[in-house]
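Undergrad: Just final.pdb, nothing more (PDB, C-alpha atoms):
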ATOM      1  CA  MET A  79      92.047  83.971 114.268  1.00  0.00           C
ATOM      2  CA  THR A  80      88.990  84.074 112.020  1.00  0.00           C
ATOM      3  CA  LEU A  81      88.152  80.458 112.864  1.00  0.00           C
ATOM      4  CA  LEU A  82      88.228  81.214 116.583  1.00  0.00           C
ATOM      5  CA  TYR A  83      86.142  84.385 116.295  1.00  0.00           C
ATOM      6  CA  PRO A  84      82.845  82.851 117.503  1.00  0.00           C
ATOM      7  CA  PHE A  85      84.549  81.371 120.582  1.00  0.00           C
ATOM      8  CA  VAL A  86      86.614  84.447 121.437  1.00  0.00           C
ATOM      9  CA  HIS A  87      83.781  86.837 120.621  1.00  0.00           C
ATOM     10  CA  SER A  88      81.339  85.062 122.900  1.00  0.00           C
ATOM     11  CA  MET A  89      83.761  85.259 125.810  1.00  0.00           C
ATOM     12  CA  HIS A  90      84.418  88.992 125.520  1.00  0.00           C
ATOM     13  CA  VAL A  91      81.004  90.461 124.813  1.00  0.00           C
ATOM     14  CA  TYR A  92      79.615  92.641 127.587  1.00  0.00           C
ATOM     15  CA  ASP A  93      76.290  94.340 127.589  1.00  0.00           C
ATOM     16  CA  HIS A  94      75.845  97.938 128.706  1.00  0.00           C
ATOM     17  CA  THR A  95      75.505  96.923 132.369  1.00  0.00           C
ATOM     18  CA  GLY A  96      78.926  95.241 132.450  1.00  0.00           C
ATOM     19  CA  MET A  97      77.380  91.758 132.653  1.00  0.00           C
ATOM     20  CA  TRP A  98      78.282  88.908 130.324  1.00  0.00           C
ATOM     21  CA  GLY A  99      76.331  89.041 127.110  1.00  0.00           C
ATOM     22  CA  GLY A 100      76.574  87.033 123.934  1.00  0.00           C
ATOM     23  CA  TYR A 101      76.218  83.306 124.422  1.00  0.00           C
ATOM     24  CA  GLY A 102      76.918  83.238 128.134  1.00  0.00           C
ATOM     25  CA  ILE A 103      78.907  80.579 129.947  1.00  0.00           C
ATOM     26  CA  ILE A 104      76.785  77.691 128.618  1.00  0.00           C
ATOM     27  CA  GLY A 105      77.227  78.981 125.074  1.00  0.00           C
ATOM     28  CA  ASP A 106      80.966  79.263 125.667  1.00  0.00           C
ATOM     29  CA  MET A 107      81.149  75.631 126.778  1.00  0.00           C
ATOM     30  CA  ILE A 108      79.090  74.468 123.810  1.00  0.00           C
ATOM     31  CA  MET A 109      81.262  76.476 121.412  1.00  0.00           C
ATOM     32  CA  PHE A 110      84.438  75.083 123.013  1.00  0.00           C
ATOM     33  CA  ILE A 111      83.167  71.499 122.680  1.00  0.00           C
ATOM     34  CA  LEU A 112      82.142  72.196 119.074  1.00  0.00           C
ATOM     35  CA  TRP A 113      85.624  73.444 118.180  1.00  0.00           C
ATOM     36  CA  ILE A 114      87.267  70.464 119.889  1.00  0.00           C
ATOM     37  CA  MET A 115      85.052  68.149 117.809  1.00  0.00           C
ATOM     38  CA  VAL A 116      85.860  70.006 114.566  1.00  0.00           C
ATOM     39  CA  ILE A 117      89.606  69.937 115.236  1.00  0.00           C
ATOM     40  CA  GLY A 118      89.401  66.271 116.255  1.00  0.00           C
ATOM     41  CA  ALA A 119      87.532  65.381 113.054  1.00  0.00           C
ATOM     42  CA  VAL A 120      90.129  67.168 110.925  1.00  0.00           C
ATOM     43  CA  ILE A 121      92.981  65.346 112.692  1.00  0.00           C
ATOM     44  CA  TYR A 122      91.158  62.020 112.336  1.00  0.00           C
ATOM     45  CA  PHE A 123      90.635  62.389 108.590  1.00  0.00           C
ATOM     46  CA  VAL A 124      94.164  63.627 107.964  1.00  0.00           C
ATOM     47  CA  VAL A 125      95.663  60.676 109.845  1.00  0.00           C
ATOM     48  CA  ARG A 126      93.219  58.186 108.355  1.00  0.00           C
ATOM     49  CA  TYR A 127      93.594  59.192 104.718  1.00  0.00           C
ATOM     50  CA  ALA A 128      97.112  60.664 104.585  1.00  0.00           C
ATOM     51  CA  GLY A 129      98.659  57.263 103.895  1.00  0.00           C
ATOM     52  CA  ALA A 130      95.814  55.872 101.793  1.00  0.00           C
ATOM     53  CA  GLY A 131      97.990  55.629  98.679  1.00  0.00           C
ATOM     54  CA  GLN A 132     100.802  53.822 100.425  1.00  0.00           C
ATOM     55  CA  CYS A 133     101.142  50.075 100.395  1.00  0.00           C
ATOM     56  CA  MET A 134      99.974  48.576 103.665  1.00  0.00           C
ATOM     57  CA  PRO A 135     101.944  45.625 105.028  1.00  0.00           C
ATOM     58  CA  THR A 136     100.162  42.305 104.865  1.00  0.00           C
ATOM     59  CA  ALA A 137      99.326  40.381 107.992  1.00  0.00           C
ATOM     60  CA  ARG A 138     101.318  37.361 106.854  1.00  0.00           C
ATOM     61  CA  PRO A 139     104.344  37.778 104.578  1.00  0.00           C
ATOM     62  CA  HIS A 140     104.701  35.526 101.540  1.00  0.00           C
ATOM     63  CA  ASN A 141     107.062  32.687 102.403  1.00  0.00           C
ATOM     64  CA  SER A 142     109.561  31.264  99.954  1.00  0.00           C
ATOM     65  CA  ALA A 143     109.500  27.574  99.105  1.00  0.00           C
ATOM     66  CA  LEU A 144     112.535  26.974 101.290  1.00  0.00           C
ATOM     67  CA  ASP A 145     110.846  28.681 104.263  1.00  0.00           C
ATOM     68  CA  ILE A 146     107.781  26.496 103.824  1.00  0.00           C
ATOM     69  CA  LEU A 147     109.997  23.412 103.594  1.00  0.00           C
ATOM     70  CA  LYS A 148     111.806  24.364 106.814  1.00  0.00           C
ATOM     71  CA  GLU A 149     108.466  24.945 108.508  1.00  0.00           C
ATOM     72  CA  ARG A 150     107.158  21.513 107.453  1.00  0.00           C
ATOM     73  CA  TYR A 151     110.353  19.885 108.723  1.00  0.00           C
ATOM     74  CA  ALA A 152     110.102  21.733 112.032  1.00  0.00           C
ATOM     75  CA  LYS A 153     106.491  20.588 112.454  1.00  0.00           C
ATOM     76  CA  GLY A 154     107.524  16.995 111.786  1.00  0.00           C
ATOM     77  CA  GLU A 155     105.462  16.662 108.609  1.00  0.00           C
ATOM     78  CA  ILE A 156     108.525  15.399 106.708  1.00  0.00           C
ATOM     79  CA  ASN A 157     111.599  13.531 107.892  1.00  0.00           C
ATOM     80  CA  LYS A 158     115.246  14.576 107.479  1.00  0.00           C
ATOM     81  CA  GLU A 159     115.813  12.589 104.286  1.00  0.00           C
ATOM     82  CA  GLU A 160     112.780  14.169 102.602  1.00  0.00           C
ATOM     83  CA  PHE A 161     113.880  17.594 103.799  1.00  0.00           C
ATOM     84  CA  GLU A 162     117.406  17.220 102.403  1.00  0.00           C
ATOM     85  CA  GLU A 163     116.101  15.821  99.122  1.00  0.00           C
ATOM     86  CA  LYS A 164     113.581  18.620  98.585  1.00  0.00           C
ATOM     87  CA  LYS A 165     116.070  21.259  99.719  1.00  0.00           C
ATOM     88  CA  LYS A 166     118.542  19.980  97.122  1.00  0.00           C
ATOM     89  CA  ASP A 167     115.837  20.197  94.444  1.00  0.00           C
ATOM     90  CA  LEU A 168     115.053  23.807  95.373  1.00  0.00           C
ATOM     91  CA  GLN A 169     118.663  24.978  95.225  1.00  0.00           C
TER      92      GLN A 169
END
As structure tokens, what does this structure read like?
TA:
Amino acid sequence: MTLLYPFVHSMHVYDHTGMWGGYGIIGDMIMFILWIMVIGAVIYFVVRYAGAGQCMPTARPHNSALDILKERYAKGEINKEEFEEKKKDLQ
């Protein structure tokens, strides 16, 4: 409640004539926008840096030699005999 005091206080302040006092309606809007920005900044930094210590996945996973060999065969870079020969060497 302490954090919201300036916003709540500005909305409920009356002067002796019963009219709105304090910051007025413009001040209330400015205070509301300010609090939205503060809360948004806190959420942004928590989300942004909460997982900073965790390992991020790489864009392209490391392929094994057999995966690379299969890929080369699929692209037509090597023929079937070469593929079988190299596959046998890897296993």
Undergrad: Mind telling me what the PyMOL selection byres ((chain A and resi 147) around 12) catches here, as a PDB file with C-alpha atoms, in the frame of the given file?
TA:
ATOM      1  CA  ASN A 141     107.062  32.687 102.403  1.00  0.00           C
ATOM      2  CA  SER A 142     109.561  31.264  99.954  1.00  0.00           C
ATOM      3  CA  ALA A 143     109.500  27.574  99.105  1.00  0.00           C
ATOM      4  CA  LEU A 144     112.535  26.974 101.290  1.00  0.00           C
ATOM      5  CA  ASP A 145     110.846  28.681 104.263  1.00  0.00           C
ATOM      6  CA  ILE A 146     107.781  26.496 103.824  1.00  0.00           C
ATOM      7  CA  LYS A 148     111.806  24.364 106.814  1.00  0.00           C
ATOM      8  CA  GLU A 149     108.466  24.945 108.508  1.00  0.00           C
ATOM      9  CA  ARG A 150     107.158  21.513 107.453  1.00  0.00           C
ATOM     10  CA  TYR A 151     110.353  19.885 108.723  1.00  0.00           C
ATOM     11  CA  ALA A 152     110.102  21.733 112.032  1.00  0.00           C
ATOM     12  CA  LYS A 153     106.491  20.588 112.454  1.00  0.00           C
ATOM     13  CA  GLY A 154     107.524  16.995 111.786  1.00  0.00           C
ATOM     14  CA  GLU A 155     105.462  16.662 108.609  1.00  0.00           C
ATOM     15  CA  ILE A 156     108.525  15.399 106.708  1.00  0.00           C
ATOM     16  CA  ASN A 157     111.599  13.531 107.892  1.00  0.00           C
ATOM     17  CA  LYS A 158     115.246  14.576 107.479  1.00  0.00           C
ATOM     18  CA  GLU A 160     112.780  14.169 102.602  1.00  0.00           C
ATOM     19  CA  PHE A 161     113.880  17.594 103.799  1.00  0.00           C
ATOM     20  CA  GLU A 162     117.406  17.220 102.403  1.00  0.00           C
ATOM     21  CA  GLU A 163     116.101  15.821  99.122  1.00  0.00           C
ATOM     22  CA  LYS A 164     113.581  18.620  98.585  1.00  0.00           C
ATOM     23  CA  LYS A 165     116.070  21.259  99.719  1.00  0.00           C
ATOM     24  CA  LYS A 166     118.542  19.980  97.122  1.00  0.00           C
ATOM     25  CA  ASP A 167     115.837  20.197  94.444  1.00  0.00           C
ATOM     26  CA  LEU A 168     115.053  23.807  95.373  1.00  0.00           C
TER      27      LEU A 168
END
Undergrad: To one decimal place in Å, what is the distance between atom CA of Ile121 of chain A and atom CA of Met107 of chain A?
TA: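 Atom-to-atom, atom CA of Ile121 of chain A to atom CA of Met107 of chain A, that is 21.1 Å.
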Undergrad: Could you put an axis-aligned box around every listed atom of segment 106-120 of chain A, padded by 6 Å on each side, and send me its centre and edge lengths in Å to one decimal, as AutoDock Vina command-line options?
TA:
--center_x 84.6 --center_y 72.3 --center_z 118.9 --size_x 23.0 --size_y 25.9 --size_z 27.9
Undergrad: What's the separation between atom CA of Ala128 of chain A and atom CA of Ile111 of chain A, in Å to one decimal place?
TA: 25.3 Å
Undergrad: May I ask for the distance between atom CA of Phe123 of chain A and atom CA of Phe110 of chain A, given in Å to one decimal place?
TA: 20.2 Å
